[in-house]
Amino acid sequence: MRMLAFTMFLVSCGLFLLPASASARIKLITLPVRERVEVQLDNPNATLVEEERIVPLVAGVNQVDFSWANTQIDPNTILFRVLGPGAPEGEGEPQVGAEAPAMQVEVLSVSYPPNEAALVWQVSASESGSARVRISYLLGNLTKSFNYRAVASNDETTLTLSQYMRLQNFANEEYGATGLWAGFGESFLKPIGINETKEMLAARYLNVPIRKTYSVNPAAYGYLDQPQNKLRVPMHYVLKNNAENQLGQTPLQFGKVRIFQEDGRGSTAFIGEDYGKFTPLDDEMPLFLGVAQDIVVRRTIDRNEARRVAGNLYHREVVVKYEIENFKAQAVTLDVAEILTHIRNEILGDTGREIEWELGPETTFEGGADAEKSTHDQVVFHVDLPARNDNGKAETFVHKLHVVIKNEW
Amino acid sequence: MRLSRALTILAVLCGMTVSAARADNIDLSTVPNRDTVQLTIYNSEDLTLVRETRKLSFKQGVNPLQFSWANTLIDPSSVQLRFLTDPDQLEVLDTTYPHDKPQMLYWNVQSELDGEATVEITYFTSGITWLADYVCVADRAEEQMSFEGFVRVANNSGEEYENAEIRLVVGTINLVEKIAQLAQVSMSEVAKLSEEARDTYRREVVTLAMDADDALGGGMGADRPKEIIKEGLSEYFIYTIEGTESIPNGWSKRLRSFEGQTVPFKIQYRYRPDEYGDQLVRMYLLANDEESKLGTTPLPDGIVRVFRDNGRDGLSYLTAQQIKYVPIGDKIELNLGPDPEVIFELVKKRCWRDHIWMQVFGTDTFRQVDDAQVVIEENSGVAGWDDHTQFVQRVRNYTAKPIELEVRRSYDGHVVFRSGLEPSQHDYRTVQYTATVPAGTTANLSYEVVVHQGRNAKQSNVTIEVDDAPAP
C-alpha cells in the first residue's frame, strides 16, 4: 500500500489556479513515478529521503500536489528542487541550475490545505515539456541502527569484525530500489518494504588485533566477595580503532556486539555480547566478556597513618595490599587500577576536595604506573601472572600500592 | 466556507429611524460587494488589520448600515468606518451594538449626497498568522550556501479573503488585550473591559498600519514568483506581497521572500557550555549584510533548516534551528551540533594545594603552613588555601581541513587562569581562548586554574596570568 502520492493537475496555460479550485468537478491528473530514491541516514537523529520524478508541465502555471497520508513526513522540511529537463534514467544526465536549457521552471508558492497531509506547489514553466524534480523531506519511523558480529581467533589475539546496518521501516511507505547511505562507506541499493527490517553488511574488518584484559578496579567494578576482600575481575576484548589495528577508517558506531570464538574444530562458539560504545578514531572499544573466576585478587588496606602537618591539617600514608593468584592454565596480564579519590573516601569519607597525592616508596608494582592510562585521579599498573603450577596450584603474588594523600583535613 | 461577514444597507422607508427599522420584522436590504481588501498581519501577536473597501449608494438623509461578522474572530471594538469619497458630505451619526446580536453593529450615516460613495471599513481579526522560515544548502566544500527565506501565511480566521493584498509586519507591537479574546465577547462586555490605555494603544497600531504607504496594484505576472517588497516603517519592517492572494479559510500558503545564491560563511568550533551545552559544536557563521549577499531586510524570527551537498548527488540534513529576529548587519550563527570527526577532551593532569593558612582556634591569628620560619600551633584549623589544577584541553581533528576553535569556560569564586594560550576575558568570570588545529592533528592546550579558597578568596572573579611554561 503506497501512502505517498504525487499528482499533477494539468491546468490551462496562464491561469492562476487557486488552491480552492482543486474542488473542480472534472480533473485530469498525471501520476509521475519515482525515478530515483536516496535515503540519507548520515544524520544521527533524522532520516532524509530524496526522490526524483519526471513531471510533465505545460507552459504557464501548473499545480503539483504532494500528499503523504499515514506517514510521518515533516511537512516543514519538504524541499522541491527542479534539476533540469526530464529524461528517464540512462537517457542523459539532468542538468542543474544555470545550466538548464531554455525551459525555465520555478516554484511560485506552496499551499497547505486544512486537515490534510498534503501540499500543492504552484509551478511555472516557460514552455511545455517535462522536468526532473527532486523532493526531499525528513521521514519519521525509518530508522537505522548498527550491530556487530565479532569472531575471535582460537588464541584470542585477533578477531574478524563485521558491522551491520539495520534499517527499520515503520514509516508506512515502501520504496523501490533505493540508495541507502549511512554517512560513511558505500551506499546500498535496496528496495524497502513497509514494516520491513533490512540488515546489510556495512563493513568487514579482518585480522583485527585484540587485547584480552583482566582488570580490577574497586571503584568501577567492585568486589566479587567483599567479606573475603575478593575483587571482581572482569574480562574484556579491547579493540583500538586505528589503522595499525586494521580499523581506523571511520568512527565505530554504537551498537550491540555479539562475540564468538573459533573453537579450533572449524566452528565457533558464542561467548557473550556487549554494547560497543561510539568509538572515535584512535580510541579503544572495550567489550565486556564476563567475570574471570580463575584469577583471584584479594585487596586490603594494609596501613592508614595520619601525619600532622599543622593543626587539623594532615598527610596520610596509605598502603593497599593485593594478593593475586592465577589459577588459569595460561599466563595472563592483570590490570590493577585504583581511583585515588575512592581510596581517600574509604578512609576519610568524602571531603569534597580534589585529591592531592603522590606515590610512596613502598609501591611494589614493577614498571611503575601506566602513563597513558593514569590520570590525576587514577593509577593503573600491569601485573604479569604466570600460569598455575603443574600440580594445579597457583602462586600467590603480593603487591602493594603506597599512596601519600596530602593536605587533607 | 462562504463569506460570513456582510455589510448590509437597510433600505427602509424614508424617515424611519434605525432603531425603528430594527424593530420591524420585515426588512429589505442590499449587500454591497467587497471591492478591495488588504490584510496587514503581525507575526508577534495574533493580530491582523483588515482594510476593505466597498461602494455604496447613499440617499440624502439618514442611511442605516448593518455590519455583521458571524463565526469570525473580529474584535468588535476595532471596527471603523471611513468615507474615501465625498467625506465632507457623509458623516457617521452613531454606532450601535445591539445587545441581542453580539457579532453585529449598526451605523447611521447622515448623507448630503444622493449617489455612490466608496467606504473603507477597518477592523482587527485574529486567526491569520504568518511565520518566516529559511532553508540553507551549503556546498560540498562548505564555503558558500544558498540562503532562501520564506513566509507562510495561515488563515484560520473563519473568513475567506479573496484577492487580498497582503502585508506582513516584522516587529513586536504592544497589545494590552488579545484580539482573539476580544473577538469572543460582545461589545457590551468589551466596554466593561475597556480602559483608556487600551484605546490609545489600539489607535496607535491602527494609525501605524493605515499610514503606511499605499501598496502595489493588484495585477501580477502569474508565471514568476511574486516579489515581496520590504520597507521600513518606524520600528517595524513591512513585507508587501506583490499583487493579491486568496487564502481560503483553513489553508496556509508559503512564498519565497528572498534568496541568496552564493552566501559565504565560515566554520567555527565552539565550546560554550552556557549556550550549547557541555559539548564542542560546529557552527556556520554568516552575517545578514551585503558582504554576505544578504542584508536587504531584517530576518524575522523563524526556523532555519540547514542542508549540505553530500557530494553524492544528494543532500545531508544537518540541523533545524530557531533564530531570533536578525537586524540588518547582525550575525547569523547556526549550530550544527557535535562533529564526530573532532574529539574534544578535557584532561585533568594534576591537582595540588598551597598557600595554606591556619587559624589558631579562638584567636584572629593566622599562620602560613609553608613558611618554614613559623611554628604552627597544633590548636589551629585550616582557614585558607589555593587549589591548583592543571588541565590539558585535547582536541583531535580528524577532518580534512584545519579547524578554528573557540573555548569559553566560566568559573565561580576567586580564580586565576594561568596559560600561554593568550586567553582573553569574556566577562568577569569567563575566560575565552582560541586555537587553530591543523587537519589530522591533535592539539594539547594546557592551562592551570588556581582557586583561592577560604580566607585566601578576596574577590569573586577571574584574572588571567600569562604562563609560557610547558605543561608538566
# chains A, B, ... in the order shown; residues from 1 in each chain; ligands from 1
>>> interface_residues(of="chain B", to="chain A", cutoff="9 Å", atoms="only C-alpha atoms", output="ChimeraX atom specification")
/B:133,135,152,154,222-226,245-256,305,310,314-319,340-343,347-354,356,358-360,369,375-382,387,389,398
>>> write_last_selection(atoms="C-alpha atoms", output="compact mmCIF listing (two decimals), in the first residue's frame")
# COMPACT_ATOMS: atom_id res chain seq x y z
CA ASP B 133 11.37 30.13 7.74
CA VAL B 135 16.39 26.96 4.01
CA ARG B 152 3.98 31.22 5.32
CA ALA B 154 -2.13 30.76 7.54
CA ALA B 222 1.44 34.65 -12.98
CA ASP B 223 4.48 32.87 -14.33
CA ARG B 224 7.15 34.08 -11.97
CA PRO B 225 7.49 34.04 -8.22
CA LYS B 226 5.92 37.06 -6.61
CA GLU B 245 -3.53 36.44 -2.84
CA SER B 246 -6.51 34.31 -1.96
CA ILE B 247 -6.04 32.08 1.02
CA PRO B 248 -9.19 30.13 1.87
CA ASN B 249 -10.11 29.61 5.46
CA GLY B 250 -8.09 26.75 6.92
CA TRP B 251 -5.38 26.93 4.27
CA SER B 252 -1.90 28.28 4.51
CA LYS B 253 0.42 29.43 1.79
CA ARG B 254 4.19 29.70 1.63
CA LEU B 255 6.01 32.13 -0.61
CA ARG B 256 9.67 32.85 -1.11
CA ARG B 305 16.82 24.35 8.16
CA ASN B 310 26.82 15.42 0.44
CA GLY B 314 22.24 14.41 -2.70
CA LEU B 315 21.85 16.35 0.49
CA SER B 316 22.74 15.78 4.09
CA TYR B 317 20.36 17.15 6.66
CA LEU B 318 22.36 19.00 9.27
CA THR B 319 20.03 20.78 11.64
CA PRO B 340 32.14 13.08 15.26
CA GLU B 341 35.37 13.85 13.43
CA VAL B 342 36.53 16.32 16.07
CA ILE B 343 37.15 14.90 19.52
CA VAL B 347 42.19 16.00 30.75
CA LYS B 348 42.89 16.88 34.35
CA LYS B 349 46.60 16.34 34.77
CA ARG B 350 47.34 17.21 38.37
CA CYS B 351 45.80 18.78 41.46
CA TRP B 352 47.56 20.26 44.48
CA ARG B 353 47.16 22.80 47.24
CA ASP B 354 49.44 25.51 48.56
CA ILE B 356 47.62 27.03 53.25
CA MET B 358 45.97 28.09 59.67
CA GLN B 359 43.90 30.00 62.14
CA VAL B 360 44.70 29.49 65.79
CA VAL B 369 51.90 26.46 56.69
CA VAL B 375 55.85 27.03 64.14
CA ILE B 376 52.23 26.18 63.62
CA GLU B 377 50.28 25.70 66.80
CA GLU B 378 48.52 22.38 66.96
CA ASN B 379 45.43 24.11 68.21
CA SER B 380 44.56 25.51 64.80
CA GLY B 381 42.48 24.82 61.72
CA VAL B 382 42.83 25.39 58.00
CA ASP B 387 43.56 24.81 44.86
CA THR B 389 44.56 22.14 38.85
CA TYR B 398 40.19 14.08 12.00
>>> select_by_dssp(residues="range 45-153 of chain B", states="strand (DSSP E or B)", output="ChimeraX atom specification")
/B:47-58,61-69,74,80-83,90-96,104-111,115-125,128-138,144-153
>>> write_last_selection(atoms="C-alpha atoms", output="PDB file, in the first residue's frame")
ATOM      1  CA  LEU B  47      -3.390  40.199  15.101  1.00  0.00           C
ATOM      2  CA  THR B  48      -4.366  41.207  11.586  1.00  0.00           C
ATOM      3  CA  LEU B  49      -5.614  44.560  10.470  1.00  0.00           C
ATOM      4  CA  VAL B  50      -8.166  44.155   7.699  1.00  0.00           C
ATOM      5  CA  ARG B  51      -8.877  47.127   5.482  1.00  0.00           C
ATOM      6  CA  GLU B  52     -11.614  46.622   2.926  1.00  0.00           C
ATOM      7  CA  THR B  53     -13.413  48.985   0.576  1.00  0.00           C
ATOM      8  CA  ARG B  54     -16.920  48.786  -0.799  1.00  0.00           C
ATOM      9  CA  LYS B  55     -19.030  51.016  -2.999  1.00  0.00           C
ATOM     10  CA  LEU B  56     -22.332  52.095  -1.519  1.00  0.00           C
ATOM     11  CA  SER B  57     -25.186  54.222  -2.804  1.00  0.00           C
ATOM     12  CA  PHE B  58     -26.451  56.787  -0.358  1.00  0.00           C
ATOM     13  CA  GLY B  61     -30.732  61.938   4.878  1.00  0.00           C
ATOM     14  CA  VAL B  62     -30.050  59.138   7.349  1.00  0.00           C
ATOM     15  CA  ASN B  63     -28.780  55.842   5.895  1.00  0.00           C
ATOM     16  CA  PRO B  64     -28.690  52.855   8.212  1.00  0.00           C
ATOM     17  CA  LEU B  65     -25.854  50.355   7.654  1.00  0.00           C
ATOM     18  CA  GLN B  66     -25.539  46.969   9.275  1.00  0.00           C
ATOM     19  CA  PHE B  67     -22.175  45.241   9.596  1.00  0.00           C
ATOM     20  CA  SER B  68     -22.017  41.662  10.865  1.00  0.00           C
ATOM     21  CA  TRP B  69     -19.282  39.087  11.241  1.00  0.00           C
ATOM     22  CA  ILE B  74     -13.147  40.057  14.650  1.00  0.00           C
ATOM     23  CA  GLN B  80     -14.156  51.637  11.990  1.00  0.00           C
ATOM     24  CA  LEU B  81     -15.934  53.189   9.038  1.00  0.00           C
ATOM     25  CA  ARG B  82     -14.323  55.851   6.856  1.00  0.00           C
ATOM     26  CA  PHE B  83     -15.501  57.578   3.698  1.00  0.00           C
ATOM     27  CA  LEU B  90     -21.036  61.888   4.701  1.00  0.00           C
ATOM     28  CA  GLU B  91     -20.925  61.536   8.450  1.00  0.00           C
ATOM     29  CA  VAL B  92     -21.412  58.682  10.882  1.00  0.00           C
ATOM     30  CA  LEU B  93     -24.053  59.831  13.301  1.00  0.00           C
ATOM     31  CA  ASP B  94     -23.794  56.921  15.691  1.00  0.00           C
ATOM     32  CA  THR B  95     -22.738  53.309  16.091  1.00  0.00           C
ATOM     33  CA  THR B  96     -24.954  50.823  17.845  1.00  0.00           C
ATOM     34  CA  MET B 104     -23.208  42.816  14.545  1.00  0.00           C
ATOM     35  CA  LEU B 105     -23.301  46.621  14.618  1.00  0.00           C
ATOM     36  CA  TYR B 106     -25.308  49.389  13.030  1.00  0.00           C
ATOM     37  CA  TRP B 107     -24.132  52.705  11.741  1.00  0.00           C
ATOM     38  CA  ASN B 108     -26.420  55.622  10.990  1.00  0.00           C
ATOM     39  CA  VAL B 109     -24.825  57.680   8.243  1.00  0.00           C
ATOM     40  CA  GLN B 110     -26.002  61.209   7.577  1.00  0.00           C
ATOM     41  CA  SER B 111     -25.621  61.911   3.857  1.00  0.00           C
ATOM     42  CA  GLY B 115     -25.295  58.797  -5.182  1.00  0.00           C
ATOM     43  CA  GLU B 116     -22.367  56.385  -4.904  1.00  0.00           C
ATOM     44  CA  ALA B 117     -19.521  56.678  -2.453  1.00  0.00           C
ATOM     45  CA  THR B 118     -16.592  54.433  -1.516  1.00  0.00           C
ATOM     46  CA  VAL B 119     -16.274  53.458   2.119  1.00  0.00           C
ATOM     47  CA  GLU B 120     -13.438  51.827   3.927  1.00  0.00           C
ATOM     48  CA  ILE B 121     -14.019  49.502   6.844  1.00  0.00           C
ATOM     49  CA  THR B 122     -11.135  48.522   9.059  1.00  0.00           C
ATOM     50  CA  TYR B 123     -11.015  46.073  11.910  1.00  0.00           C
ATOM     51  CA  PHE B 124      -8.775  43.683  13.717  1.00  0.00           C
ATOM     52  CA  THR B 125      -9.171  39.980  13.462  1.00  0.00           C
ATOM     53  CA  ILE B 128      -4.487  34.972  10.463  1.00  0.00           C
ATOM     54  CA  THR B 129      -0.840  34.451  11.154  1.00  0.00           C
ATOM     55  CA  TRP B 130       2.416  34.401   9.319  1.00  0.00           C
ATOM     56  CA  LEU B 131       5.733  32.807  10.039  1.00  0.00           C
ATOM     57  CA  ALA B 132       9.133  33.050   8.444  1.00  0.00           C
ATOM     58  CA  ASP B 133      11.368  30.131   7.738  1.00  0.00           C
ATOM     59  CA  TYR B 134      14.661  29.684   5.971  1.00  0.00           C
ATOM     60  CA  VAL B 135      16.389  26.964   4.006  1.00  0.00           C
ATOM     61  CA  CYS B 136      20.169  26.880   3.696  1.00  0.00           C
ATOM     62  CA  VAL B 137      22.018  24.454   1.464  1.00  0.00           C
ATOM     63  CA  ALA B 138      25.785  24.507   1.892  1.00  0.00           C
ATOM     64  CA  GLN B 144      29.158  29.018   0.309  1.00  0.00           C
ATOM     65  CA  MET B 145      25.499  28.328   0.735  1.00  0.00           C
ATOM     66  CA  SER B 146      22.195  29.200  -0.798  1.00  0.00           C
ATOM     67  CA  PHE B 147      20.043  31.011   1.720  1.00  0.00           C
ATOM     68  CA  GLU B 148      16.335  31.262   0.987  1.00  0.00           C
ATOM     69  CA  GLY B 149      13.758  32.991   3.117  1.00  0.00           C
ATOM     70  CA  PHE B 150      10.082  32.109   3.059  1.00  0.00           C
ATOM     71  CA  VAL B 151       6.925  33.449   4.573  1.00  0.00           C
ATOM     72  CA  ARG B 152       3.979  31.223   5.322  1.00  0.00           C
ATOM     73  CA  VAL B 153       0.587  32.808   5.828  1.00  0.00           C
TER      74      VAL B 153
END
>>> atom_distance(atom1="CA of Gly86 in chain A", atom2="CA of Val37 in chain A")
15.6 Å
>>> closest_residue(among="A:Pro32, A:Gly193, A:Gly255, A:Gly367", to="Tyr148 in chain A", atoms="only C-alpha atoms")
A:Gly255
>>> residues_around(residues="Gly329 in chain B", least_positions_apart="3", cutoff="9 Å", atoms="only C-alpha atoms", output="PDB file with C-alpha atoms, in the first residue's frame")
ATOM      1  CA  ALA B 287      26.003  37.822   8.565  1.00  0.00           C
ATOM      2  CA  ASN B 288      22.860  39.491   7.383  1.00  0.00           C
ATOM      3  CA  ASP B 289      24.766  42.061   5.369  1.00  0.00           C
ATOM      4  CA  GLU B 290      25.679  42.966   1.822  1.00  0.00           C
ATOM      5  CA  LEU B 294      22.025  39.285   2.260  1.00  0.00           C
ATOM      6  CA  GLY B 295      21.136  42.367   4.263  1.00  0.00           C
ATOM      7  CA  PRO B 298      15.914  42.046   8.824  1.00  0.00           C
ATOM      8  CA  VAL B 326      18.265  39.288  12.981  1.00  0.00           C
TER       9      VAL B 326
END
>>> select_by_dssp(residues="range 132-362 of chain A", states="helix (DSSP H, G or I)", output="JSON, numbers by chain")
{"A": [226, 227, 228, 243, 244, 245, 340, 341, 342, 343, 344, 345, 346, 347, 348]}
>>> write_last_selection(atoms="N, CA and C atoms", output="short mmCIF file (atom, residue, chain, number, x, y, z; two decimals), in the first residue's frame")
data_model
loop_
_atom_site.label_atom_id
_atom_site.label_comp_id
_atom_site.auth_asym_id
_atom_site.auth_seq_id
_atom_site.Cartn_x
_atom_site.Cartn_y
_atom_site.Cartn_z
N GLN A 226 32.96 -9.35 49.09
CA GLN A 226 33.57 -8.31 49.93
C GLN A 226 34.03 -8.84 51.29
N PRO A 227 33.25 -9.70 51.97
CA PRO A 227 33.76 -10.19 53.26
C PRO A 227 35.12 -10.86 53.13
N GLN A 228 35.36 -11.48 51.99
CA GLN A 228 36.68 -12.11 51.80
C GLN A 228 37.62 -11.20 51.04
N ALA A 243 44.54 2.51 12.21
CA ALA A 243 44.95 1.75 11.03
C ALA A 243 45.88 0.60 11.41
N GLU A 244 46.71 0.79 12.44
CA GLU A 244 47.62 -0.28 12.83
C GLU A 244 46.85 -1.52 13.27
N ASN A 245 45.65 -1.31 13.70
CA ASN A 245 44.83 -2.42 14.16
C ASN A 245 43.73 -2.76 13.15
N LEU A 340 42.01 7.20 43.09
CA LEU A 340 42.59 7.65 44.37
C LEU A 340 41.56 8.36 45.24
N THR A 341 40.64 9.02 44.62
CA THR A 341 39.57 9.62 45.42
C THR A 341 38.79 8.54 46.15
N HIS A 342 38.63 7.40 45.50
CA HIS A 342 37.92 6.29 46.12
C HIS A 342 38.67 5.80 47.36
N ILE A 343 40.00 5.72 47.28
CA ILE A 343 40.79 5.31 48.46
C ILE A 343 40.61 6.34 49.58
N ARG A 344 40.74 7.62 49.21
CA ARG A 344 40.59 8.66 50.23
C ARG A 344 39.20 8.58 50.89
N ASN A 345 38.17 8.36 50.06
CA ASN A 345 36.82 8.30 50.62
C ASN A 345 36.64 7.08 51.53
N GLU A 346 37.36 6.00 51.22
CA GLU A 346 37.27 4.80 52.06
C GLU A 346 37.77 5.07 53.46
N ILE A 347 38.84 5.84 53.55
CA ILE A 347 39.46 6.01 54.87
C ILE A 347 39.05 7.30 55.57
N LEU A 348 38.64 8.28 54.82
CA LEU A 348 38.34 9.59 55.40
C LEU A 348 36.89 10.02 55.21
#
>>> atom_distance(atom1="CA of Glu338 in chain A", atom2="CA of Lys400 in chain A")
11.8 Å
>>> residues_around(residues="range 265-277 of chain A", least_positions_apart="4", cutoff="7 Å", atoms="only C-alpha atoms", output="VMD selection string")
chain A and resid 254 to 261 285 287 to 289
>>> residues_around(residues="range 404-418 of chain B", least_positions_apart="4", cutoff="6 Å", atoms="only C-alpha atoms", output="PyMOL selection string")
chain B and resi 268-272+429-436+447-452+457+459-467
>>> write_last_selection(atoms="C-alpha atoms", output="JSON list (two decimals), in the first residue's frame")
[["chain", "number", "residue", "atom", "x", "y", "z"],
["B", 268, "GLN", "CA", 33.99, 27.65, 13.80],
["B", 269, "TYR", "CA", 34.03, 25.05, 16.55],
["B", 270, "ARG", "CA", 32.78, 26.43, 19.83],
["B", 271, "TYR", "CA", 32.70, 25.27, 23.37],
["B", 272, "ARG", "CA", 30.26, 27.47, 25.27],
["B", 429, "ARG", "CA", 34.03, 35.07, 35.41],
["B", 430, "THR", "CA", 34.57, 33.68, 31.92],
["B", 431, "VAL", "CA", 37.80, 33.05, 30.06],
["B", 432, "GLN", "CA", 37.99, 32.61, 26.32],
["B", 433, "TYR", "CA", 40.80, 31.30, 24.16],
["B", 434, "THR", "CA", 41.11, 30.35, 20.54],
["B", 435, "ALA", "CA", 43.29, 27.99, 18.56],
["B", 436, "THR", "CA", 43.70, 26.58, 15.10],
["B", 447, "TYR", "CA", 46.36, 25.77, 31.33],
["B", 448, "GLU", "CA", 46.24, 25.95, 35.09],
["B", 449, "VAL", "CA", 43.36, 27.09, 37.23],
["B", 450, "VAL", "CA", 44.02, 28.40, 40.70],
["B", 451, "VAL", "CA", 41.05, 28.84, 43.00],
["B", 452, "HIS", "CA", 41.64, 30.89, 46.13],
["B", 457, "ALA", "CA", 39.48, 34.35, 48.47],
["B", 459, "GLN", "CA", 37.30, 38.54, 45.09],
["B", 460, "SER", "CA", 34.73, 36.76, 43.01],
["B", 461, "ASN", "CA", 36.23, 36.96, 39.57],
["B", 462, "VAL", "CA", 38.79, 35.50, 37.20],
["B", 463, "THR", "CA", 42.13, 37.06, 36.43],
["B", 464, "ILE", "CA", 44.39, 35.93, 33.64],
["B", 465, "GLU", "CA", 48.09, 35.31, 34.05],
["B", 466, "VAL", "CA", 50.34, 34.58, 31.10],
["B", 467, "ASP", "CA", 52.38, 31.47, 31.60]]
>>> residues_around(residues="Tyr223 in chain A", least_positions_apart="2", cutoff="12 Å", atoms="only C-alpha atoms", output="NGL selection string")
:A and (215-221 or 225-234 or 291 or 296-300)
>>> decode(residues="range 287-354 of chain A", atoms="C-alpha atoms", output="CSV table (one decimal), in the first residue's frame")
chain,number,residue,atom,x,y,z
A,287,LEU,CA,33.9,-5.4,25.0
A,288,PHE,CA,32.9,-7.0,28.3
A,289,LEU,CA,33.1,-10.8,28.2
A,290,GLY,CA,32.2,-11.7,31.8
A,291,VAL,CA,33.9,-12.1,35.1
A,292,ALA,CA,37.1,-14.3,35.4
A,293,GLN,CA,36.7,-16.9,38.1
A,294,ASP,CA,40.2,-18.2,37.9
A,295,ILE,CA,42.0,-15.1,38.8
A,296,VAL,CA,41.7,-14.2,42.5
A,297,VAL,CA,42.6,-10.8,43.8
A,298,ARG,CA,42.3,-10.0,47.5
A,299,ARG,CA,42.5,-6.3,48.4
A,300,THR,CA,43.1,-5.0,51.8
A,301,ILE,CA,44.2,-1.6,53.1
A,302,ASP,CA,47.3,-2.6,55.0
A,303,ARG,CA,48.2,0.8,56.5
A,304,ASN,CA,46.5,4.0,57.2
A,305,GLU,CA,48.6,6.6,59.1
A,306,ALA,CA,47.9,10.2,59.6
A,307,ARG,CA,50.9,12.6,59.8
A,308,ARG,CA,50.1,16.0,61.2
A,309,VAL,CA,51.3,18.9,59.1
A,310,ALA,CA,49.8,21.6,61.3
A,311,GLY,CA,46.7,22.0,63.4
A,312,ASN,CA,44.0,19.9,61.8
A,313,LEU,CA,46.0,19.5,58.5
A,314,TYR,CA,47.3,16.0,57.8
A,315,HIS,CA,49.1,13.9,55.3
A,316,ARG,CA,48.1,10.3,55.2
A,317,GLU,CA,50.1,7.3,54.4
A,318,VAL,CA,48.0,4.6,52.8
A,319,VAL,CA,49.2,1.2,51.7
A,320,VAL,CA,46.8,-1.0,49.7
A,321,LYS,CA,47.8,-4.7,49.5
A,322,TYR,CA,46.8,-7.1,46.7
A,323,GLU,CA,47.2,-10.8,46.9
A,324,ILE,CA,46.9,-12.2,43.5
A,325,GLU,CA,46.6,-15.8,42.3
A,326,ASN,CA,46.2,-17.1,38.7
A,327,PHE,CA,44.5,-20.5,38.6
A,328,LYS,CA,44.4,-20.5,34.8
A,329,ALA,CA,46.5,-22.7,32.7
A,330,GLN,CA,47.7,-19.7,30.7
A,331,ALA,CA,49.8,-16.8,31.8
A,332,VAL,CA,47.9,-13.5,31.8
A,333,THR,CA,48.4,-9.9,32.5
A,334,LEU,CA,46.2,-8.3,35.1
A,335,ASP,CA,45.5,-4.6,35.0
A,336,VAL,CA,45.2,-3.1,38.5
A,337,ALA,CA,43.5,0.3,38.7
A,338,GLU,CA,42.7,2.4,41.6
A,339,ILE,CA,40.8,5.6,41.7
A,340,LEU,CA,42.6,7.6,44.4
A,341,THR,CA,39.6,9.6,45.4
A,342,HIS,CA,37.9,6.3,46.1
A,343,ILE,CA,40.8,5.3,48.5
A,344,ARG,CA,40.6,8.7,50.2
A,345,ASN,CA,36.8,8.3,50.6
A,346,GLU,CA,37.3,4.8,52.1
A,347,ILE,CA,39.5,6.0,54.9
A,348,LEU,CA,38.3,9.6,55.4
A,349,GLY,CA,34.9,9.9,53.9
A,350,ASP,CA,34.2,12.3,51.0
A,351,THR,CA,35.7,15.6,51.8
A,352,GLY,CA,34.6,17.1,48.5
A,353,ARG,CA,38.1,18.2,47.7
A,354,GLU,CA,40.2,17.2,44.8
